[in-house]
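Notes follow the structure.
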Amino acid sequence: MNWSEMRPLLSEACWDTLYMVGWSTFIAVVGGLPLGILLVLTDRGGMLQNVVANKVIGQVVNITRSMPFIILMVALMGFTRWVTGTTIGREAAIVPLAIGAIPFFARLVETAVREVDDGLVEAVQSMGGNTWTVVRKVLVPESLPSLISSTTTTVVALIGYTAMAGTVGAGGLGDIAIRYGYQRFDTQLMWITVGILAVVISAIQFAGDFAARALHRRAGRSGPGPKLRLPRAKEPAAADVSKAA
Amino acid sequence: MITTSGLTKVYSSRGREITALDGVDLHVREGEVYGVIGQSGAGKSSLIRCVNLLERPTAGTVTVAGQDLTALAGRGPRAGRELRRARSRIGMVFQHFNLLSSRTVQDNVELPLEILGKSGKERSRKALELLDLVGLADKSRAYPAQLSGGQKQRVGIARALAGDPKVLLSDEATSALDPETTRSILQLLRDLNRQLGLTVLLITHEMDVVKSICDSAALMEKGRVVESGTVSELLATPGSELAAALFPVGGDASGEDRTVVDVTFHGESATRPVVSQLARTYNIDISILGAAIDTVGGLQVGRMRIELPGRYEDNVVPIGFLREQGLQIDIVGRPTDRQPLLVKEGTK
Ligand SMILES: Nc1ncnc2c1ncn2[C@@H]1O[C@H](COP(=O)(O)OP(=O)(O)OP(=O)(O)O)[C@@H](O)[C@H]1O
Ligand SMILES: [Mg+2]
């Protein structure tokens, strides 16, 4: 296969990947941010303390998060069809990607928000702020560097998942690598795909780290800034550990 | 201005109950600087946090500026609208400053005004005015991380004043600062108290803080207020622990047959040559074991520990002479012959 044949293939695959990752990240942030904050607020001693709600949310998040993505994708087929009208293609892939990423991101948000000094919350309460004020003026802005790192982590994880989604006809770079590299032994195309993925992932990591560090430095906190963490599905989230302590 | 009555706070954690406050009656008058001192764990922070109901008291009432805050609703940890409005009229300063690191100095000071829903123009005018007042006009665009501890606390004070409070609460505002900076922050609080007529309730574990700026003080022990009153009342209270701590005079008797007497001078009596009069009138030798003169709450106060030859019984007359001079006399090592007058606050 020569370059002029490969080019449209690759550029379409790139766009498909970006499309899927972009939308599912967007949905993961929109859904996971409130969920993560809610996990902190409803916890014991939290501003909206509600042990039952906290346990329920925590359990749902844990179960969804530890579900292997392939299984989640299959299990959600009915739901996906109901939402998008189909179970194949990139739109259809966005549904399980987003649903898988929401709890993943929510746990990262929870950890980030827990890091915020209680004293700041107390200060805002002493000024007459309510819970919503605390969320808007303290929890989110003060954990922003960590939240950006968490988003980067989520994007990178989602790129990995799109490759799996590719196997059910979602398209994208992972799909190319499997179809041409694995099934047709077109190693050249496969390596190009790998190269592109490596560049994309590095670029995203770099941009995310850069933004997080810049904010972090401004806030004057010591240390090299929030580290990019890639928790595996089975690994207990840091938040669970601290809760057990 | 601030009155608590029967204030009780019981924390229950993991089935254990800790009584942090055990029926605290406190009365802070309008326009005064009131210091609460006590050892770690005495319940000082619990007390101040109960005053603006950051912590809901288990029992008792808190009245600030005539408003009973404990009556204002707020189920559980959530505060209702009325309570939040009341809180916005009470400034609070913290030991660790609690400034938002994501905001500039000016934006930190503007935060309470944002909560009050003030317009952008009004917020920045007020913030700059307050920063000027605390001497940080040139730092408005800096981030808290770029400031020294003392500067951070000035920002904290400016922020606490943004809502034009009548009352300022301060929990160990100077405990994280060095002595020099502590002095300047205390001076600032004192100035604000005078200039703005601000009532200040401050918590500290340093006697020096009480000594340098407080009009009144209370001593807390195990969740109770064991002594309280204006500084001069306290100094006039025989056997007052606070007075002794404010004014430590040392020195032990040099022998068996000696009477050791602590003489406290206030105001004009501080300048009279009482000791030489005593020596001349009764022809006795007086040794001075220790002495201190200081300004406490703006008053000149002196304390002297003197030793008279002979037992207490032999010195009844000279001691009577000293009392007649209007001096406060405490016989060291003897139970006070006057009933210790526990300075009890009357409620407003
Ligand atoms: N949230 C809480 N839960 C349980 N116990 C608490 C809580 N806050 C305070 N206590 C307990 O209440 C008691 C009084 O604490 P408080 O913080 O009021 O003391 P303090 O006088 O301010 O001490 P320090 O000088 O160390 O700040 C202590 O025994 C403390 O352990
Ligand atoms: Mg304390």
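Identifiers in this document derive from the order of the structure tokens: chains are assigned A, B, ..., residues are numbered from 1 separately in each chain, and ligands are numbered from 1 in order of occurrence.
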
Using only C-alpha atoms and all ligand atoms, tabulate the residues of chain A lying at most 12 Å from any atom of ligand 1, each with its closest atom pair and that distance in Å to one decimal, by chain and increasing residue number, as JSON lines.
{"residue": "A:Arg44", "atom": "CA", "partner": "ligand 1", "partner_atom_place_in_ligand_line": "1 (N)", "distance": 11.9}
{"residue": "A:Gly45", "atom": "CA", "partner": "ligand 1", "partner_atom_place_in_ligand_line": "1 (N)", "distance": 9.0}
{"residue": "A:Gly46", "atom": "CA", "partner": "ligand 1", "partner_atom_place_in_ligand_line": "1 (N)", "distance": 12.0}
{"residue": "A:Asp118", "atom": "CA", "partner": "ligand 1", "partner_atom_place_in_ligand_line": "1 (N)", "distance": 11.8}

Dump as a PDB file, in the first residue's frame, selection limited to all heavy atoms:
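Wrote part39.pdb, looks like this:
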ATOM      1  N   ARG A  44     -18.823  11.114  55.161  1.00  0.00           N
ATOM      2  CA  ARG A  44     -18.924  11.432  56.594  1.00  0.00           C
ATOM      3  C   ARG A  44     -18.156  12.720  56.892  1.00  0.00           C
ATOM      4  O   ARG A  44     -17.003  12.872  56.484  1.00  0.00           O
ATOM      5  CB  ARG A  44     -18.297  10.291  57.386  1.00  0.00           C
ATOM      6  CG  ARG A  44     -18.894  10.102  58.763  1.00  0.00           C
ATOM      7  CD  ARG A  44     -18.255   8.906  59.437  1.00  0.00           C
ATOM      8  NE  ARG A  44     -18.665   7.640  58.808  1.00  0.00           N
ATOM      9  CZ  ARG A  44     -19.815   7.015  59.075  1.00  0.00           C
ATOM     10  NH1 ARG A  44     -20.642   7.513  59.943  1.00  0.00           N
ATOM     11  NH2 ARG A  44     -20.108   5.885  58.479  1.00  0.00           N
ATOM     12  N   GLY A  45     -18.818  13.636  57.558  1.00  0.00           N
ATOM     13  CA  GLY A  45     -18.166  14.907  57.874  1.00  0.00           C
ATOM     14  C   GLY A  45     -18.211  15.897  56.730  1.00  0.00           C
ATOM     15  O   GLY A  45     -17.748  17.013  56.858  1.00  0.00           O
ATOM     16  N   GLY A  46     -18.770  15.487  55.593  1.00  0.00           N
ATOM     17  CA  GLY A  46     -18.873  16.380  54.449  1.00  0.00           C
ATOM     18  C   GLY A  46     -20.023  17.358  54.620  1.00  0.00           C
ATOM     19  O   GLY A  46     -20.835  17.225  55.537  1.00  0.00           O
ATOM     20  N   ASP A 118      -9.268  21.876  54.277  1.00  0.00           N
ATOM     21  CA  ASP A 118     -10.549  22.126  54.943  1.00  0.00           C
ATOM     22  C   ASP A 118     -10.656  23.562  55.439  1.00  0.00           C
ATOM     23  O   ASP A 118     -11.744  24.125  55.525  1.00  0.00           O
ATOM     24  CB  ASP A 118     -10.706  21.208  56.159  1.00  0.00           C
ATOM     25  CG  ASP A 118     -11.139  19.824  55.741  1.00  0.00           C
ATOM     26  OD1 ASP A 118     -11.654  19.683  54.617  1.00  0.00           O
ATOM     27  OD2 ASP A 118     -10.969  18.880  56.546  1.00  0.00           O
TER      28      ASP A 118
END

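Contacts with ligand 2 are defined as any residue atom within 12 Å of a ligand atom, using only C-alpha atoms and all ligand atoms; the residues meeting this criterion are Ala20, Val36, Ile37, Gly38, Gln39, Ser40, Gly41, Ala42, Gly43, Lys44, Ser45, Ser46, Leu47, Ile48, Arg49, Phe94, Gln95, His96, Ser170, Asp171, Glu172, Ala173, Ser175, Leu202, Ile203, Thr204, His205 and Met220 of chain B.
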
Output for the residues just chosen: N, CA and C atoms as a PDB file, in the first residue's frame:
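Written out: result_26.pdb:
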ATOM      1  N   ALA B  20     -15.971  19.337  74.821  1.00  0.00           N
ATOM      2  CA  ALA B  20     -14.987  20.377  74.523  1.00  0.00           C
ATOM      3  C   ALA B  20     -15.362  21.680  75.222  1.00  0.00           C
ATOM      4  N   VAL B  36      -9.043  35.103  74.855  1.00  0.00           N
ATOM      5  CA  VAL B  36      -9.312  33.836  75.542  1.00  0.00           C
ATOM      6  C   VAL B  36      -8.026  33.032  75.486  1.00  0.00           C
ATOM      7  N   ILE B  37      -7.578  32.651  76.659  1.00  0.00           N
ATOM      8  CA  ILE B  37      -6.305  31.945  76.722  1.00  0.00           C
ATOM      9  C   ILE B  37      -6.521  30.610  77.412  1.00  0.00           C
ATOM     10  N   GLY B  38      -5.692  29.668  77.104  1.00  0.00           N
ATOM     11  CA  GLY B  38      -5.831  28.360  77.722  1.00  0.00           C
ATOM     12  C   GLY B  38      -4.905  27.379  77.041  1.00  0.00           C
ATOM     13  N   GLN B  39      -4.725  26.254  77.712  1.00  0.00           N
ATOM     14  CA  GLN B  39      -3.799  25.273  77.168  1.00  0.00           C
ATOM     15  C   GLN B  39      -4.406  24.571  75.964  1.00  0.00           C
ATOM     16  N   SER B  40      -3.556  23.847  75.270  1.00  0.00           N
ATOM     17  CA  SER B  40      -4.022  23.082  74.127  1.00  0.00           C
ATOM     18  C   SER B  40      -5.102  22.104  74.571  1.00  0.00           C
ATOM     19  N   GLY B  41      -6.189  22.084  73.834  1.00  0.00           N
ATOM     20  CA  GLY B  41      -7.275  21.169  74.168  1.00  0.00           C
ATOM     21  C   GLY B  41      -8.252  21.720  75.181  1.00  0.00           C
ATOM     22  N   ALA B  42      -8.049  22.981  75.590  1.00  0.00           N
ATOM     23  CA  ALA B  42      -8.942  23.576  76.587  1.00  0.00           C
ATOM     24  C   ALA B  42     -10.323  23.879  76.002  1.00  0.00           C
ATOM     25  N   GLY B  43     -10.389  23.939  74.671  1.00  0.00           N
ATOM     26  CA  GLY B  43     -11.677  24.196  74.033  1.00  0.00           C
ATOM     27  C   GLY B  43     -11.783  25.578  73.423  1.00  0.00           C
ATOM     28  N   LYS B  44     -10.647  26.253  73.257  1.00  0.00           N
ATOM     29  CA  LYS B  44     -10.667  27.618  72.732  1.00  0.00           C
ATOM     30  C   LYS B  44     -11.188  27.673  71.303  1.00  0.00           C
ATOM     31  N   SER B  45     -10.662  26.790  70.467  1.00  0.00           N
ATOM     32  CA  SER B  45     -11.119  26.808  69.074  1.00  0.00           C
ATOM     33  C   SER B  45     -12.577  26.412  68.989  1.00  0.00           C
ATOM     34  N   SER B  46     -12.953  25.442  69.795  1.00  0.00           N
ATOM     35  CA  SER B  46     -14.365  25.038  69.794  1.00  0.00           C
ATOM     36  C   SER B  46     -15.233  26.222  70.159  1.00  0.00           C
ATOM     37  N   LEU B  47     -14.783  27.005  71.133  1.00  0.00           N
ATOM     38  CA  LEU B  47     -15.550  28.167  71.563  1.00  0.00           C
ATOM     39  C   LEU B  47     -15.732  29.166  70.421  1.00  0.00           C
ATOM     40  N   ILE B  48     -14.620  29.511  69.778  1.00  0.00           N
ATOM     41  CA  ILE B  48     -14.719  30.550  68.744  1.00  0.00           C
ATOM     42  C   ILE B  48     -15.503  30.050  67.536  1.00  0.00           C
ATOM     43  N   ARG B  49     -15.395  28.746  67.269  1.00  0.00           N
ATOM     44  CA  ARG B  49     -16.146  28.192  66.147  1.00  0.00           C
ATOM     45  C   ARG B  49     -17.633  28.088  66.456  1.00  0.00           C
ATOM     46  N   PHE B  94      -7.688  33.378  60.615  1.00  0.00           N
ATOM     47  CA  PHE B  94      -7.263  32.022  60.956  1.00  0.00           C
ATOM     48  C   PHE B  94      -5.758  31.917  61.186  1.00  0.00           C
ATOM     49  N   GLN B  95      -5.399  30.913  61.933  1.00  0.00           N
ATOM     50  CA  GLN B  95      -3.980  30.686  62.215  1.00  0.00           C
ATOM     51  C   GLN B  95      -3.188  30.453  60.922  1.00  0.00           C
ATOM     52  N   HIS B  96      -3.748  29.640  60.041  1.00  0.00           N
ATOM     53  CA  HIS B  96      -3.024  29.324  58.808  1.00  0.00           C
ATOM     54  C   HIS B  96      -3.549  30.127  57.629  1.00  0.00           C
ATOM     55  N   SER B 170     -10.702  35.798  65.941  1.00  0.00           N
ATOM     56  CA  SER B 170      -9.350  35.452  65.525  1.00  0.00           C
ATOM     57  C   SER B 170      -8.874  34.234  66.300  1.00  0.00           C
ATOM     58  N   ASP B 171      -8.632  33.150  65.594  1.00  0.00           N
ATOM     59  CA  ASP B 171      -8.164  31.934  66.256  1.00  0.00           C
ATOM     60  C   ASP B 171      -6.659  31.791  66.055  1.00  0.00           C
ATOM     61  N   GLU B 172      -5.901  32.156  67.041  1.00  0.00           N
ATOM     62  CA  GLU B 172      -4.444  32.035  67.007  1.00  0.00           C
ATOM     63  C   GLU B 172      -3.850  32.690  65.754  1.00  0.00           C
ATOM     64  N   ALA B 173      -4.329  33.895  65.470  1.00  0.00           N
ATOM     65  CA  ALA B 173      -3.917  34.558  64.236  1.00  0.00           C
ATOM     66  C   ALA B 173      -2.418  34.803  64.160  1.00  0.00           C
ATOM     67  N   SER B 175      -0.083  32.760  65.823  1.00  0.00           N
ATOM     68  CA  SER B 175       0.698  31.605  66.290  1.00  0.00           C
ATOM     69  C   SER B 175       1.682  31.071  65.265  1.00  0.00           C
ATOM     70  N   LEU B 202     -10.347  37.225  70.498  1.00  0.00           N
ATOM     71  CA  LEU B 202      -9.202  36.476  69.999  1.00  0.00           C
ATOM     72  C   LEU B 202      -8.799  35.351  70.930  1.00  0.00           C
ATOM     73  N   ILE B 203      -8.328  34.302  70.282  1.00  0.00           N
ATOM     74  CA  ILE B 203      -7.910  33.100  70.971  1.00  0.00           C
ATOM     75  C   ILE B 203      -6.400  33.061  70.894  1.00  0.00           C
ATOM     76  N   THR B 204      -5.787  32.715  71.969  1.00  0.00           N
ATOM     77  CA  THR B 204      -4.334  32.632  71.910  1.00  0.00           C
ATOM     78  C   THR B 204      -3.846  31.700  73.001  1.00  0.00           C
ATOM     79  N   HIS B 205      -2.629  31.236  72.866  1.00  0.00           N
ATOM     80  CA  HIS B 205      -2.066  30.553  74.015  1.00  0.00           C
ATOM     81  C   HIS B 205      -0.828  31.287  74.517  1.00  0.00           C
ATOM     82  N   MET B 220      -9.373  29.606  80.015  1.00  0.00           N
ATOM     83  CA  MET B 220     -10.145  28.373  79.860  1.00  0.00           C
ATOM     84  C   MET B 220      -9.343  27.178  80.325  1.00  0.00           C
TER      85      MET B 220
END

Give me the residues of range 27-53 of chain B that have any atom at most 10 Å from an atom of range 78-88 of chain B; for each, the nearest atom pair and the distance in Å, rounded to one decimal. Use only C-alpha atoms, sort by chain and number, and format it as JSON lines.
{"residue": "B:Val51", "atom": "CA", "partner": "B:Arg87", "partner_atom": "CA", "distance": 9.5}
{"residue": "B:Asn52", "atom": "CA", "partner": "B:Arg87", "partner_atom": "CA", "distance": 6.0}
{"residue": "B:Leu53", "atom": "CA", "partner": "B:Arg87", "partner_atom": "CA", "distance": 8.2}

Just the residues within 10 Å of Arg159 in chain B, please, counting only C-alpha atoms, with nothing from its chain fewer than 6 positions along; format it as an mmCIF file with C-alpha atoms, in the first residue's frame.
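What ended up in result-v6.cif:
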data_model
loop_
_atom_site.group_PDB
_atom_site.id
_atom_site.type_symbol
_atom_site.label_atom_id
_atom_site.label_comp_id
_atom_site.auth_asym_id
_atom_site.auth_seq_id
_atom_site.Cartn_x
_atom_site.Cartn_y
_atom_site.Cartn_z
ATOM 1 C CA ALA A 123 -13.093 30.331 55.626
ATOM 2 C CA MET A 127 -18.016 34.512 55.154
ATOM 3 C CA GLY B 91 -15.135 38.521 60.316
ATOM 4 C CA MET B 92 -12.840 35.610 61.006
ATOM 5 C CA VAL B 93 -9.062 35.359 60.902
ATOM 6 C CA LEU B 99 -6.175 32.200 51.596
ATOM 7 C CA VAL B 105 -4.470 38.999 46.947
ATOM 8 C CA GLN B 106 -7.118 41.376 45.673
ATOM 9 C CA ASP B 107 -9.397 38.558 44.544
ATOM 10 C CA ASN B 108 -9.048 36.945 47.937
ATOM 11 C CA VAL B 109 -10.222 40.111 49.622
ATOM 12 C CA GLU B 110 -13.059 40.377 47.121
ATOM 13 C CA LEU B 111 -14.338 36.888 47.883
ATOM 14 C CA PRO B 112 -16.655 37.812 50.773
ATOM 15 C CA LEU B 113 -18.026 40.636 48.613
ATOM 16 C CA ALA B 127 -10.715 45.530 48.300
ATOM 17 C CA LEU B 130 -8.852 47.510 52.690
ATOM 18 C CA LEU B 131 -5.490 46.479 51.292
ATOM 19 C CA GLN B 153 -2.214 37.445 57.682
#

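Restricting the calculation to only C-alpha atoms, the smallest distance between chain A and any of B:Gln146, B:Thr61, B:Thr182, B:Ser5 is found for B:Gln146.
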
Give me, as a tab-separated table, each residue of chain A that comes within 7 Å of chain B, together with its shortest interatomic pair and the distance in Å at one decimal, counting only C-alpha atoms, with rows ordered by chain and rising residue number.
residue	atom	partner	partner_atom	distance
A:Met47	CA	B:Pro77	CA	6.3
A:Gly119	CA	B:Asn98	CA	5.6
A:Leu120	CA	B:Asn98	CA	5.1
A:Ala123	CA	B:Asn98	CA	6.5
A:Ser126	CA	B:Arg87	CA	5.8
A:Met127	CA	B:Ser88	CA	4.6
A:Gly128	CA	B:Arg84	CA	4.1
A:Gly129	CA	B:Ile115	CA	6.1
A:Pro141	CA	B:Ser102	CA	6.4
A:Glu142	CA	B:Ser102	CA	5.8
A:Ala219	CA	B:Ser101	CA	4.8
A:Gly220	CA	B:Ala145	CA	4.8

Could those residues be written to a file, using N, CA, C and O atoms, as a PDB file, in the first residue's frame?
ATOM      1  N   MET A  47     -20.069  18.323  53.704  1.00  0.00           N
ATOM      2  CA  MET A  47     -21.075  19.369  53.852  1.00  0.00           C
ATOM      3  C   MET A  47     -22.484  18.862  53.571  1.00  0.00           C
ATOM      4  O   MET A  47     -23.450  19.414  54.058  1.00  0.00           O
ATOM      5  N   GLY A 119      -9.512  24.141  55.780  1.00  0.00           N
ATOM      6  CA  GLY A 119      -9.499  25.514  56.289  1.00  0.00           C
ATOM      7  C   GLY A 119     -10.110  26.498  55.293  1.00  0.00           C
ATOM      8  O   GLY A 119     -10.763  27.459  55.677  1.00  0.00           O
ATOM      9  N   LEU A 120      -9.890  26.225  53.991  1.00  0.00           N
ATOM     10  CA  LEU A 120     -10.423  27.126  52.975  1.00  0.00           C
ATOM     11  C   LEU A 120     -11.942  27.031  52.933  1.00  0.00           C
ATOM     12  O   LEU A 120     -12.640  28.027  52.778  1.00  0.00           O
ATOM     13  N   ALA A 123     -13.188  28.882  55.824  1.00  0.00           N
ATOM     14  CA  ALA A 123     -13.093  30.331  55.626  1.00  0.00           C
ATOM     15  C   ALA A 123     -14.300  30.828  54.835  1.00  0.00           C
ATOM     16  O   ALA A 123     -14.912  31.833  55.188  1.00  0.00           O
ATOM     17  N   SER A 126     -17.347  30.788  56.847  1.00  0.00           N
ATOM     18  CA  SER A 126     -17.379  31.873  57.830  1.00  0.00           C
ATOM     19  C   SER A 126     -17.758  33.208  57.174  1.00  0.00           C
ATOM     20  O   SER A 126     -18.160  34.138  57.850  1.00  0.00           O
ATOM     21  N   MET A 127     -17.610  33.283  55.854  1.00  0.00           N
ATOM     22  CA  MET A 127     -18.016  34.512  55.154  1.00  0.00           C
ATOM     23  C   MET A 127     -19.487  34.473  54.790  1.00  0.00           C
ATOM     24  O   MET A 127     -20.004  35.399  54.173  1.00  0.00           O
ATOM     25  N   GLY A 128     -20.126  33.370  55.090  1.00  0.00           N
ATOM     26  CA  GLY A 128     -21.541  33.254  54.762  1.00  0.00           C
ATOM     27  C   GLY A 128     -21.800  32.518  53.460  1.00  0.00           C
ATOM     28  O   GLY A 128     -22.884  32.599  52.908  1.00  0.00           O
ATOM     29  N   GLY A 129     -20.795  31.818  52.956  1.00  0.00           N
ATOM     30  CA  GLY A 129     -20.980  31.058  51.719  1.00  0.00           C
ATOM     31  C   GLY A 129     -21.754  29.767  51.966  1.00  0.00           C
ATOM     32  O   GLY A 129     -21.626  29.180  53.029  1.00  0.00           O
ATOM     33  N   PRO A 141     -11.739  25.613  41.823  1.00  0.00           N
ATOM     34  CA  PRO A 141     -10.528  26.368  41.477  1.00  0.00           C
ATOM     35  C   PRO A 141      -9.270  25.905  42.211  1.00  0.00           C
ATOM     36  O   PRO A 141      -8.193  25.892  41.636  1.00  0.00           O
ATOM     37  N   GLU A 142      -9.419  25.507  43.469  1.00  0.00           N
ATOM     38  CA  GLU A 142      -8.221  25.112  44.221  1.00  0.00           C
ATOM     39  C   GLU A 142      -7.683  23.760  43.773  1.00  0.00           C
ATOM     40  O   GLU A 142      -6.506  23.471  43.973  1.00  0.00           O
ATOM     41  N   ALA A 219       0.109  28.868  41.983  1.00  0.00           N
ATOM     42  CA  ALA A 219      -0.426  28.695  43.332  1.00  0.00           C
ATOM     43  C   ALA A 219       0.705  28.535  44.335  1.00  0.00           C
ATOM     44  O   ALA A 219       0.485  28.517  45.534  1.00  0.00           O
ATOM     45  N   GLY A 220       1.933  28.403  43.819  1.00  0.00           N
ATOM     46  CA  GLY A 220       3.097  28.417  44.694  1.00  0.00           C
ATOM     47  C   GLY A 220       3.266  27.193  45.544  1.00  0.00           C
ATOM     48  O   GLY A 220       3.957  27.208  46.548  1.00  0.00           O
TER      49      GLY A 220
END

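Using only C-alpha atoms, the smallest distance between any of B:Ala253, B:Ala158, B:Leu169, B:Leu234 and Val64 in chain B comes from B:Leu169.
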
Extract, using only C-alpha atoms, all DNA, RNA and protein residues at most 8 Å from range 49-63 of chain A, discarding same-chain residues fewer than 4 positions from it, and format them as a ChimeraX atom specification.
/A:38-39,41-45,67,103-104,106-107

Keeping C-alpha atoms, export the residues of the selection given above as a PDB file, in the first residue's frame.
ATOM      1  CA  LEU A  38     -20.666  14.620  45.343  1.00  0.00           C
ATOM      2  CA  LEU A  39     -18.572  11.704  46.608  1.00  0.00           C
ATOM      3  CA  LEU A  41     -19.577  16.223  49.915  1.00  0.00           C
ATOM      4  CA  THR A  42     -21.750  13.281  50.923  1.00  0.00           C
ATOM      5  CA  ASP A  43     -18.962  11.535  52.802  1.00  0.00           C
ATOM      6  CA  ARG A  44     -18.924  11.432  56.594  1.00  0.00           C
ATOM      7  CA  GLY A  45     -18.166  14.907  57.874  1.00  0.00           C
ATOM      8  CA  MET A  67     -15.693  -3.671  34.628  1.00  0.00           C
ATOM      9  CA  PRO A 103     -16.586   6.751  37.121  1.00  0.00           C
ATOM     10  CA  PHE A 104     -12.904   6.661  36.211  1.00  0.00           C
ATOM     11  CA  ALA A 106     -15.087  10.764  39.128  1.00  0.00           C
ATOM     12  CA  ARG A 107     -12.601   8.868  41.319  1.00  0.00           C
TER      13      ARG A 107
END

Any idea what the distance is between CA of Met190 in chain A and CA of Gly160 in chain A?
15.4 Å

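Picture a line from CA of Gly172 in chain A to CA of Asp16 in chain A; it runs 4.8 Å.
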
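For the set A:Leu197, A:Thr154, A:Ala92, A:Gln205, the residue with the smallest atom-to-atom gap to Met20 in chain A is A:Ala92, counting only C-alpha atoms.
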
I'd like the contact shell of range 108-116 of chain A - 8 Å cut-off, only C-alpha atoms, skipping same-chain residues fewer than 2 positions apart - returned as a PyMOL selection string.
chain A and resi 32-33+36-37+39-40+104-106+118+120+139-140+142-143+146-147+150+237-239
